[in-house]
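Structure first, commentary second.
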Amino acid sequence: MQMIDFAVNGTLMRGLELNDNLQKVGAVFVREDITAPMYRLWTIADRHPAMLRVSENGQAIALEIWSVTPDALGAILLSEPAGLCIGKIVLADGQEVLGVLGEPFLCEGQKEITSYGGWRAYTSS
């Protein structure tokens, strides 16, 4: 069966609120990683993050890579909060993987947390 590397940067990560959504579809944790320095991160009402790719002033963001089937990818997206989507994410080593991104409208008026370097660092501060 074909497996896809899938990057998550928030509540889908191990031990967090929505990680069960990955577990239920048989996703397998691969590794921790970071993005290339071309992203910014916002907290959406302190419930989950939204990461956007930007053309300037981006930073590296911590994330996890999971291995999922194509069918699982669809199921995961359907269980994500509104305004989150799946797109291509560039990792620090230049590899591109599918992962969770936020739609720009979702970040309007929300607190930017890029300086923390990731959701775990923000929530533990």
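All residue names refer to the structure tokens as shown: chains lettered A, B, ... in order, residues numbered from 1 in each chain, ligands numbered from 1 in order.
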
What lies within 8 Å of stretch 30-33 of chain A using only C-alpha atoms, ignoring chain neighbours under 3 positions off, as an mmCIF file with C-alpha atoms, in the first residue's frame?
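So the final result, stored in selection_8.cif, reads:
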```
data_model
loop_
_atom_site.group_PDB
_atom_site.id
_atom_site.type_symbol
_atom_site.label_atom_id
_atom_site.label_comp_id
_atom_site.auth_asym_id
_atom_site.auth_seq_id
_atom_site.Cartn_x
_atom_site.Cartn_y
_atom_site.Cartn_z
ATOM 1 C CA ALA A 62 8.769 22.557 14.520
ATOM 2 C CA LEU A 63 6.553 19.749 13.315
ATOM 3 C CA GLU A 64 6.137 15.983 13.173
ATOM 4 C CA ILE A 65 6.183 13.711 10.141
ATOM 5 C CA TRP A 66 3.690 10.846 10.051
ATOM 6 C CA SER A 67 3.192 8.129 7.434
ATOM 7 C CA LEU A 91 11.251 20.951 5.212
ATOM 8 C CA ALA A 92 14.629 22.290 6.361
#
```

Kindly assemble as a Markdown table a list of the stretch 2-77 of chain A residues that lie within 8 Å of stretch 103-111 of chain A, each paired with its nearest atom pair and their distance in Å to one decimal, using only C-alpha atoms, sorted first by chain and then by ascending residue number.
```
| residue | atom | partner | partner_atom | distance |
| --- | --- | --- | --- | --- |
| A:Trp42 | CA | A:Lys111 | CA | 5.6 |
| A:Thr43 | CA | A:Lys111 | CA | 5.7 |
| A:Ile44 | CA | A:Gln110 | CA | 6.0 |
| A:Ala45 | CA | A:Gln110 | CA | 7.0 |
| A:Ala50 | CA | A:Cys107 | CA | 6.9 |
| A:Leu52 | CA | A:Pro104 | CA | 7.1 |
```

Selection to disk with all heavy atoms, as a tab-separated table (two decimals), in the first residue's frame:
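out-v4.tsv written:
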```tsv
chain	number	residue	atom	x	y	z
A	42	TRP	N	0.34	31.23	13.76
A	42	TRP	CA	-0.63	31.95	14.58
A	42	TRP	C	-1.35	30.97	15.49
A	42	TRP	O	-1.55	29.81	15.12
A	42	TRP	CB	-1.68	32.65	13.71
A	42	TRP	CG	-1.20	33.90	13.07
A	42	TRP	CD1	-1.41	35.18	13.48
A	42	TRP	CD2	-0.43	34.01	11.86
A	42	TRP	NE1	-0.81	36.08	12.63
A	42	TRP	CE2	-0.20	35.38	11.62
A	42	TRP	CE3	0.11	33.08	10.97
A	42	TRP	CZ2	0.53	35.85	10.54
A	42	TRP	CZ3	0.84	33.53	9.89
A	42	TRP	CH2	1.05	34.92	9.68
A	43	THR	N	-1.79	31.45	16.65
A	43	THR	CA	-2.68	30.66	17.49
A	43	THR	C	-4.11	31.10	17.16
A	43	THR	O	-4.40	32.30	17.09
A	43	THR	CB	-2.39	30.82	18.99
A	43	THR	OG1	-3.36	30.03	19.71
A	43	THR	CG2	-2.42	32.25	19.47
A	44	ILE	N	-4.96	30.12	16.95
A	44	ILE	CA	-6.35	30.41	16.64
A	44	ILE	C	-7.15	30.20	17.94
A	44	ILE	O	-7.48	29.08	18.32
A	44	ILE	CB	-6.87	29.51	15.50
A	44	ILE	CG1	-5.93	29.56	14.28
A	44	ILE	CG2	-8.31	29.89	15.13
A	44	ILE	CD1	-5.63	30.96	13.74
A	45	ALA	N	-7.37	31.32	18.62
A	45	ALA	CA	-8.12	31.34	19.89
A	45	ALA	C	-7.52	30.37	20.92
A	45	ALA	O	-8.24	29.82	21.74
A	45	ALA	CB	-9.59	31.03	19.65
A	50	ALA	N	-2.25	27.80	13.21
A	50	ALA	CA	-2.38	27.87	11.76
A	50	ALA	C	-1.04	28.36	11.22
A	50	ALA	O	-0.53	29.39	11.66
A	50	ALA	CB	-3.50	28.82	11.35
A	52	LEU	N	1.28	29.46	7.93
A	52	LEU	CA	1.20	29.98	6.57
A	52	LEU	C	2.59	30.09	5.98
A	52	LEU	O	3.53	30.51	6.66
A	52	LEU	CB	0.57	31.38	6.55
A	52	LEU	CG	-0.85	31.54	7.03
A	52	LEU	CD1	-1.25	33.01	6.96
A	52	LEU	CD2	-1.80	30.71	6.21
```

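In this structure, atom CA of A:Ser79 sits 24.7 Å away from atom CA of A:Ser124.
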
With only C-alpha atoms as the atoms that count, which of A:Met51, A:Ile113, A:Leu16, A:Val97 lies nearest to A:Leu84? A:Met51

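With only C-alpha atoms as the atoms that count, the residue of A:Val28, A:Leu78, A:Leu41, A:Leu98 with the shortest distance to A:Val8 is A:Leu98.
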
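The environment of A:Glu80 within 12 Å, counting only C-alpha atoms and disregarding residues fewer than 4 places along the same chain, consists of A:Val8, A:Gly10, A:Thr11, A:Leu12, A:Glu17, A:Leu18, A:Asn19, A:Asp20, A:Asn21, A:Leu22, A:Arg47, A:His48, A:Pro49, A:Ala50, A:Leu73, A:Gly74, A:Ala75, A:Ile76, A:Leu84, A:Cys85, A:Ile86, A:Gly99, A:Val100, A:Leu101, A:Gly102.
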
Which residues in chain A does DSSP call strand (DSSP E)? List them as a count of residues only. 47

Pairwise distance, atom CA of A:Ala7 with atom CA of A:Ser55, equals 20.1 Å

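All residues within chain A that the backbone DSSP calculation assigns to alpha helix (DSSP H) are A:Asn19, A:Asp20, A:Asn21, A:Leu22, A:Gln23, A:Lys24, A:Pro70, A:Asp71, A:Ala72, A:Leu73, A:Gly74, A:Ala75, A:Ile76, A:Leu77, A:Leu78, A:Ser79, A:Pro104, A:Phe105, A:Leu106, A:Cys107, A:Trp119, A:Arg120, A:Ala121, A:Tyr122, A:Thr123.
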